[in-house]
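With compact mmCIF, N, CA, C and O atoms inside, this is run09.txt:
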```txt
# COMPACT_ATOMS: atom_id res chain seq x y z
N MET A 1 -54.28 -69.43 -0.95
CA MET A 1 -53.94 -70.74 -0.43
C MET A 1 -54.45 -70.82 1.02
O MET A 1 -54.28 -69.89 1.79
N GLU A 2 -55.02 -71.95 1.39
CA GLU A 2 -55.56 -72.10 2.74
C GLU A 2 -54.43 -72.31 3.75
O GLU A 2 -53.37 -72.85 3.42
N PRO A 3 -54.67 -71.88 4.99
CA PRO A 3 -53.61 -71.96 6.01
C PRO A 3 -53.08 -73.37 6.26
O PRO A 3 -51.88 -73.55 6.46
N THR A 4 -53.95 -74.38 6.23
CA THR A 4 -53.51 -75.75 6.47
C THR A 4 -52.55 -76.21 5.38
O THR A 4 -51.53 -76.85 5.68
N LYS A 5 -52.85 -75.84 4.15
CA LYS A 5 -51.97 -76.23 3.04
C LYS A 5 -50.64 -75.48 3.13
O LYS A 5 -49.58 -76.07 2.89
N GLN A 6 -50.69 -74.21 3.50
CA GLN A 6 -49.46 -73.44 3.68
C GLN A 6 -48.59 -74.05 4.77
O GLN A 6 -47.37 -74.17 4.62
N MET A 7 -49.23 -74.44 5.86
CA MET A 7 -48.49 -75.03 6.98
C MET A 7 -47.86 -76.35 6.55
O MET A 7 -46.71 -76.64 6.89
N SER A 8 -48.60 -77.14 5.82
CA SER A 8 -48.10 -78.43 5.35
C SER A 8 -46.91 -78.24 4.41
O SER A 8 -45.90 -78.95 4.52
N GLU A 9 -47.02 -77.28 3.52
CA GLU A 9 -45.92 -77.01 2.59
C GLU A 9 -44.69 -76.47 3.33
O GLU A 9 -43.56 -76.82 2.99
N ALA A 10 -44.92 -75.64 4.34
CA ALA A 10 -43.80 -75.12 5.13
C ALA A 10 -43.10 -76.25 5.87
O ALA A 10 -41.87 -76.31 5.91
N MET A 11 -43.88 -77.17 6.46
CA MET A 11 -43.29 -78.30 7.17
C MET A 11 -42.53 -79.21 6.20
O MET A 11 -41.47 -79.73 6.55
N ASP A 12 -43.08 -79.41 5.02
CA ASP A 12 -42.38 -80.21 4.01
C ASP A 12 -41.03 -79.59 3.66
O ASP A 12 -40.02 -80.28 3.54
N ALA A 13 -41.03 -78.26 3.51
CA ALA A 13 -39.78 -77.55 3.18
C ALA A 13 -38.79 -77.67 4.34
O ALA A 13 -37.59 -77.91 4.13
N LEU A 14 -39.28 -77.51 5.57
CA LEU A 14 -38.40 -77.63 6.74
C LEU A 14 -37.83 -79.05 6.86
O LEU A 14 -36.66 -79.23 7.19
N LEU A 15 -38.66 -80.05 6.58
CA LEU A 15 -38.19 -81.43 6.65
C LEU A 15 -37.13 -81.69 5.58
O LEU A 15 -36.14 -82.37 5.83
N GLU A 16 -37.32 -81.11 4.40
CA GLU A 16 -36.32 -81.27 3.34
C GLU A 16 -35.00 -80.61 3.74
O GLU A 16 -33.92 -81.19 3.55
N ILE A 17 -35.07 -79.42 4.31
CA ILE A 17 -33.87 -78.73 4.78
C ILE A 17 -33.20 -79.56 5.88
O ILE A 17 -31.98 -79.73 5.90
N SER A 18 -34.01 -80.09 6.78
CA SER A 18 -33.51 -80.92 7.88
C SER A 18 -32.78 -82.14 7.33
O SER A 18 -31.72 -82.52 7.83
N ASP A 19 -33.35 -82.76 6.29
CA ASP A 19 -32.71 -83.92 5.67
C ASP A 19 -31.39 -83.54 5.00
O ASP A 19 -30.40 -84.26 5.11
N ILE A 20 -31.38 -82.42 4.30
CA ILE A 20 -30.17 -81.96 3.63
C ILE A 20 -29.05 -81.71 4.65
O ILE A 20 -27.89 -82.02 4.41
N LEU A 21 -29.44 -81.20 5.82
CA LEU A 21 -28.46 -80.91 6.87
C LEU A 21 -28.15 -82.12 7.73
O LEU A 21 -27.36 -82.03 8.68
N ASN A 22 -28.76 -83.25 7.40
CA ASN A 22 -28.54 -84.51 8.14
C ASN A 22 -28.77 -84.35 9.64
O ASN A 22 -27.96 -84.81 10.46
N THR A 23 -29.89 -83.72 10.01
CA THR A 23 -30.17 -83.52 11.43
C THR A 23 -30.63 -84.81 12.12
O THR A 23 -30.52 -84.92 13.34
N GLY A 24 -31.16 -85.74 11.34
CA GLY A 24 -31.66 -86.97 11.92
C GLY A 24 -33.04 -86.82 12.55
O GLY A 24 -33.53 -87.74 13.21
N LEU A 25 -33.67 -85.66 12.37
CA LEU A 25 -35.00 -85.44 12.93
C LEU A 25 -36.07 -85.98 11.99
O LEU A 25 -36.02 -85.73 10.79
N ASP A 26 -37.02 -86.72 12.55
CA ASP A 26 -38.15 -87.17 11.73
C ASP A 26 -39.19 -86.05 11.69
O ASP A 26 -39.06 -85.02 12.37
N ALA A 27 -40.24 -86.24 10.91
CA ALA A 27 -41.25 -85.19 10.72
C ALA A 27 -41.93 -84.82 12.04
O ALA A 27 -42.16 -83.64 12.32
N GLU A 28 -42.23 -85.81 12.86
CA GLU A 28 -42.91 -85.54 14.13
C GLU A 28 -42.02 -84.73 15.08
O GLU A 28 -42.48 -83.75 15.70
N THR A 29 -40.77 -85.13 15.20
CA THR A 29 -39.85 -84.42 16.09
C THR A 29 -39.61 -83.00 15.59
O THR A 29 -39.58 -82.05 16.39
N LEU A 30 -39.46 -82.85 14.30
CA LEU A 30 -39.27 -81.52 13.73
C LEU A 30 -40.49 -80.64 14.00
O LEU A 30 -40.36 -79.47 14.36
N ALA A 31 -41.69 -81.21 13.88
CA ALA A 31 -42.91 -80.45 14.15
C ALA A 31 -42.97 -80.00 15.61
O ALA A 31 -43.36 -78.86 15.90
N VAL A 32 -42.55 -80.87 16.51
CA VAL A 32 -42.51 -80.50 17.93
C VAL A 32 -41.51 -79.36 18.15
O VAL A 32 -41.80 -78.39 18.88
N CYS A 33 -40.36 -79.43 17.51
CA CYS A 33 -39.35 -78.37 17.64
C CYS A 33 -39.90 -77.04 17.12
O CYS A 33 -39.70 -76.00 17.75
N VAL A 34 -40.61 -77.08 16.01
CA VAL A 34 -41.20 -75.86 15.44
C VAL A 34 -42.24 -75.30 16.40
O VAL A 34 -42.28 -74.09 16.66
N GLN A 35 -43.07 -76.17 16.97
CA GLN A 35 -44.09 -75.71 17.92
C GLN A 35 -43.45 -75.08 19.14
O GLN A 35 -43.92 -74.04 19.63
N LEU A 36 -42.38 -75.67 19.64
CA LEU A 36 -41.67 -75.10 20.78
C LEU A 36 -41.11 -73.72 20.44
O LEU A 36 -41.20 -72.79 21.24
N CYS A 37 -40.56 -73.58 19.24
CA CYS A 37 -40.04 -72.28 18.81
C CYS A 37 -41.17 -71.25 18.72
O CYS A 37 -41.00 -70.10 19.13
N GLU A 38 -42.31 -71.68 18.20
CA GLU A 38 -43.46 -70.78 18.10
C GLU A 38 -43.95 -70.34 19.48
O GLU A 38 -44.52 -69.26 19.62
N LEU A 39 -43.72 -71.17 20.49
CA LEU A 39 -44.12 -70.83 21.85
C LEU A 39 -43.08 -69.97 22.57
O LEU A 39 -43.25 -69.60 23.72
N GLY A 40 -41.97 -69.70 21.87
CA GLY A 40 -40.96 -68.81 22.42
C GLY A 40 -39.76 -69.51 23.04
O GLY A 40 -38.90 -68.84 23.64
N VAL A 41 -39.68 -70.83 22.91
CA VAL A 41 -38.52 -71.54 23.45
C VAL A 41 -37.30 -71.23 22.58
O VAL A 41 -37.39 -71.20 21.35
N ASN A 42 -36.18 -71.00 23.22
CA ASN A 42 -34.93 -70.68 22.52
C ASN A 42 -34.51 -71.87 21.65
O ASN A 42 -34.31 -72.98 22.16
N PRO A 43 -34.35 -71.67 20.33
CA PRO A 43 -33.95 -72.75 19.43
C PRO A 43 -32.62 -73.40 19.80
O PRO A 43 -32.44 -74.61 19.64
N GLU A 44 -31.69 -72.60 20.33
CA GLU A 44 -30.41 -73.16 20.75
C GLU A 44 -30.59 -74.10 21.94
O GLU A 44 -29.89 -75.11 22.04
N ALA A 45 -31.52 -73.76 22.81
CA ALA A 45 -31.81 -74.63 23.95
C ALA A 45 -32.41 -75.96 23.47
O ALA A 45 -32.06 -77.03 23.98
N ILE A 46 -33.29 -75.89 22.48
CA ILE A 46 -33.88 -77.10 21.92
C ILE A 46 -32.79 -77.98 21.32
O ILE A 46 -32.74 -79.19 21.55
N ALA A 47 -31.89 -77.37 20.56
CA ALA A 47 -30.79 -78.12 19.94
C ALA A 47 -29.90 -78.77 21.00
O ALA A 47 -29.51 -79.94 20.86
N THR A 48 -29.62 -78.03 22.06
CA THR A 48 -28.79 -78.57 23.14
C THR A 48 -29.46 -79.77 23.79
O THR A 48 -28.81 -80.79 24.06
N ILE A 49 -30.75 -79.66 24.03
CA ILE A 49 -31.49 -80.77 24.65
C ILE A 49 -31.51 -81.99 23.75
O ILE A 49 -31.30 -83.12 24.20
N ILE A 50 -31.73 -81.78 22.46
CA ILE A 50 -31.74 -82.90 21.51
C ILE A 50 -30.38 -83.59 21.49
O ILE A 50 -30.28 -84.81 21.52
N LYS A 51 -29.32 -82.79 21.46
CA LYS A 51 -27.96 -83.37 21.48
C LYS A 51 -27.73 -84.18 22.75
O LYS A 51 -27.16 -85.27 22.69
N GLU A 52 -28.17 -83.65 23.88
CA GLU A 52 -27.97 -84.34 25.15
C GLU A 52 -28.77 -85.65 25.20
O GLU A 52 -28.27 -86.67 25.66
N ILE A 53 -30.00 -85.61 24.72
CA ILE A 53 -30.82 -86.83 24.67
C ILE A 53 -30.16 -87.87 23.78
O ILE A 53 -30.09 -89.05 24.14
N ARG A 54 -29.66 -87.45 22.64
CA ARG A 54 -28.98 -88.39 21.75
C ARG A 54 -27.74 -88.98 22.41
O ARG A 54 -27.48 -90.18 22.29
N LEU A 55 -26.99 -88.15 23.10
CA LEU A 55 -25.79 -88.62 23.79
C LEU A 55 -26.16 -89.64 24.86
O LEU A 55 -25.55 -90.71 24.96
N GLN A 56 -27.16 -89.32 25.66
CA GLN A 56 -27.58 -90.21 26.74
C GLN A 56 -28.14 -91.53 26.19
O GLN A 56 -27.83 -92.59 26.72
N THR A 57 -28.94 -91.46 25.13
CA THR A 57 -29.53 -92.69 24.58
C THR A 57 -28.51 -93.51 23.81
O THR A 57 -28.65 -94.72 23.72
N SER A 58 -27.48 -92.86 23.28
CA SER A 58 -26.45 -93.64 22.58
C SER A 58 -25.64 -94.46 23.56
O SER A 58 -25.07 -95.48 23.20
N ASN A 59 -25.58 -94.03 24.81
CA ASN A 59 -24.86 -94.76 25.85
C ASN A 59 -25.68 -95.89 26.45
O ASN A 59 -25.13 -96.75 27.13
N LEU A 60 -26.98 -95.90 26.24
CA LEU A 60 -27.83 -96.92 26.85
C LEU A 60 -27.45 -98.35 26.45
O LEU A 60 -27.32 -99.19 27.33
N PRO A 61 -27.28 -98.66 25.16
CA PRO A 61 -26.91 -100.05 24.83
C PRO A 61 -25.60 -100.47 25.47
O PRO A 61 -25.48 -101.60 25.93
N ASN A 62 -24.64 -99.58 25.55
CA ASN A 62 -23.36 -99.90 26.18
C ASN A 62 -23.55 -100.20 27.65
O ASN A 62 -22.94 -101.11 28.19
N GLN A 63 -24.37 -99.44 28.34
CA GLN A 63 -24.62 -99.65 29.76
C GLN A 63 -25.31 -100.99 29.99
O GLN A 63 -24.98 -101.71 30.92
N LYS A 64 -26.26 -101.34 29.13
CA LYS A 64 -26.97 -102.62 29.27
C LYS A 64 -26.00 -103.78 29.06
O LYS A 64 -26.04 -104.77 29.78
N ASN A 65 -25.11 -103.65 28.07
CA ASN A 65 -24.14 -104.71 27.80
C ASN A 65 -23.19 -104.86 28.97
O ASN A 65 -22.85 -105.98 29.36
N LEU A 66 -22.74 -103.76 29.55
CA LEU A 66 -21.83 -103.81 30.68
C LEU A 66 -22.51 -104.43 31.90
O LEU A 66 -21.93 -105.25 32.61
N GLN A 67 -23.77 -104.11 32.12
CA GLN A 67 -24.50 -104.67 33.25
C GLN A 67 -24.72 -106.17 33.04
O GLN A 67 -24.58 -106.95 33.97
N ALA A 68 -25.02 -106.57 31.82
CA ALA A 68 -25.23 -107.99 31.53
C ALA A 68 -23.94 -108.77 31.73
O ALA A 68 -23.94 -109.87 32.28
N LYS A 69 -22.82 -108.21 31.33
CA LYS A 69 -21.52 -108.89 31.48
C LYS A 69 -21.14 -108.99 32.96
O LYS A 69 -20.55 -109.96 33.39
N GLY A 70 -21.50 -107.98 33.73
CA GLY A 70 -21.16 -107.97 35.15
C GLY A 70 -21.96 -108.96 35.96
O GLY A 70 -21.52 -109.41 37.01
N THR A 71 -23.12 -109.38 35.47
CA THR A 71 -23.97 -110.31 36.23
C THR A 71 -23.71 -111.75 35.86
O THR A 71 -24.26 -112.64 36.45
N GLN A 72 -22.86 -111.96 34.87
CA GLN A 72 -22.61 -113.35 34.45
C GLN A 72 -21.54 -113.99 35.28
O GLN A 72 -20.66 -113.49 35.81
```
Would you mind writing the file out in structure tokens?
Amino acid sequence: MEPTKQMSEAMDALLEISDILNTGLDAETLAVCVQLCELGVNPEAIATIIKEIRLQTSNLPNQKNLQAKGTQ
């Protein structure tokens, strides 16, 4: 089997596992996470950063609504 096909099948399997675990990661984000792991970045650090980004972005709509209400 050629390396590109193996890589594609591995990513497909990882995406399926990710979906089963309800991580909410799309294929592109998962690929970036895998690349970071391959470069030696701590997987727990990646998970922590993703959680923090999600937390911060989930608060964005609330902050915009509060700012809009305050200017009226």
Item to complete: Provide the atom C of Ile20 (chain A) to atom N of Asn59 (chain A) distance in Å, to one decimal place.
Response: 23.9 Å
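Of note, CA of Leu14 (chain A) and atom C of Leu30 (chain A) are spaced 8.1 Å apart.
With atom O of Leu36 (chain A) on one side and atom O of Gln56 (chain A) on the other, the separation reads 24.5 Å.
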Test item: axis-aligned box, all listed atoms of region 36-45 of chain A, 8 Å on each side, centre and edges in Å rounded to one decimal, as JSON:
```
{"center_x": -37.2, "center_y": -72.9, "center_z": 21.0, "size_x": 30.6, "size_y": 24.2, "size_z": 21.9}
```
Discussion item. What's around region 3-13 of chain A at 8 Å? Count all atoms listed in the file, leave out sequence neighbours fewer than 3 positions away in its own chain, and write the answer as a VMD selection string.
Written reply: chain A and resid 16 to 20 27 30 to 31
For the residues selected in the previous step, produce a file with N, CA, C and O atoms as an mmCIF file, in the frame of the given file.
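Once written, out.cif looks like this:
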```cif
data_model
loop_
_atom_site.group_PDB
_atom_site.id
_atom_site.type_symbol
_atom_site.label_atom_id
_atom_site.label_comp_id
_atom_site.auth_asym_id
_atom_site.auth_seq_id
_atom_site.Cartn_x
_atom_site.Cartn_y
_atom_site.Cartn_z
ATOM 1 N N GLU A 16 -37.320 -81.110 4.400
ATOM 2 C CA GLU A 16 -36.320 -81.270 3.340
ATOM 3 C C GLU A 16 -35.000 -80.610 3.740
ATOM 4 O O GLU A 16 -33.920 -81.190 3.550
ATOM 5 N N ILE A 17 -35.070 -79.420 4.310
ATOM 6 C CA ILE A 17 -33.870 -78.730 4.780
ATOM 7 C C ILE A 17 -33.200 -79.560 5.880
ATOM 8 O O ILE A 17 -31.980 -79.730 5.900
ATOM 9 N N SER A 18 -34.010 -80.090 6.780
ATOM 10 C CA SER A 18 -33.510 -80.920 7.880
ATOM 11 C C SER A 18 -32.780 -82.140 7.330
ATOM 12 O O SER A 18 -31.720 -82.520 7.830
ATOM 13 N N ASP A 19 -33.350 -82.760 6.290
ATOM 14 C CA ASP A 19 -32.710 -83.920 5.670
ATOM 15 C C ASP A 19 -31.390 -83.540 5.000
ATOM 16 O O ASP A 19 -30.400 -84.260 5.110
ATOM 17 N N ILE A 20 -31.380 -82.420 4.300
ATOM 18 C CA ILE A 20 -30.170 -81.960 3.630
ATOM 19 C C ILE A 20 -29.050 -81.710 4.650
ATOM 20 O O ILE A 20 -27.890 -82.020 4.410
ATOM 21 N N ALA A 27 -40.240 -86.240 10.910
ATOM 22 C CA ALA A 27 -41.250 -85.190 10.720
ATOM 23 C C ALA A 27 -41.930 -84.820 12.040
ATOM 24 O O ALA A 27 -42.160 -83.640 12.320
ATOM 25 N N LEU A 30 -39.460 -82.850 14.300
ATOM 26 C CA LEU A 30 -39.270 -81.520 13.730
ATOM 27 C C LEU A 30 -40.490 -80.640 14.000
ATOM 28 O O LEU A 30 -40.360 -79.470 14.360
ATOM 29 N N ALA A 31 -41.690 -81.210 13.880
ATOM 30 C CA ALA A 31 -42.910 -80.450 14.150
ATOM 31 C C ALA A 31 -42.970 -80.000 15.610
ATOM 32 O O ALA A 31 -43.360 -78.860 15.900
#
```
Discussion item. I'd like to know which of A:Gln35, A:Leu15, A:Met1, A:Thr29 is closest to Ile50 (chain A), using only C-alpha atoms.
Written reply: A:Thr29
Item to complete: Based on DSSP run over this structure's backbone, return all residues of chain A in alpha helix (DSSP H), as a ChimeraX atom specification.
Response: /A:3-20,27-38,43-70
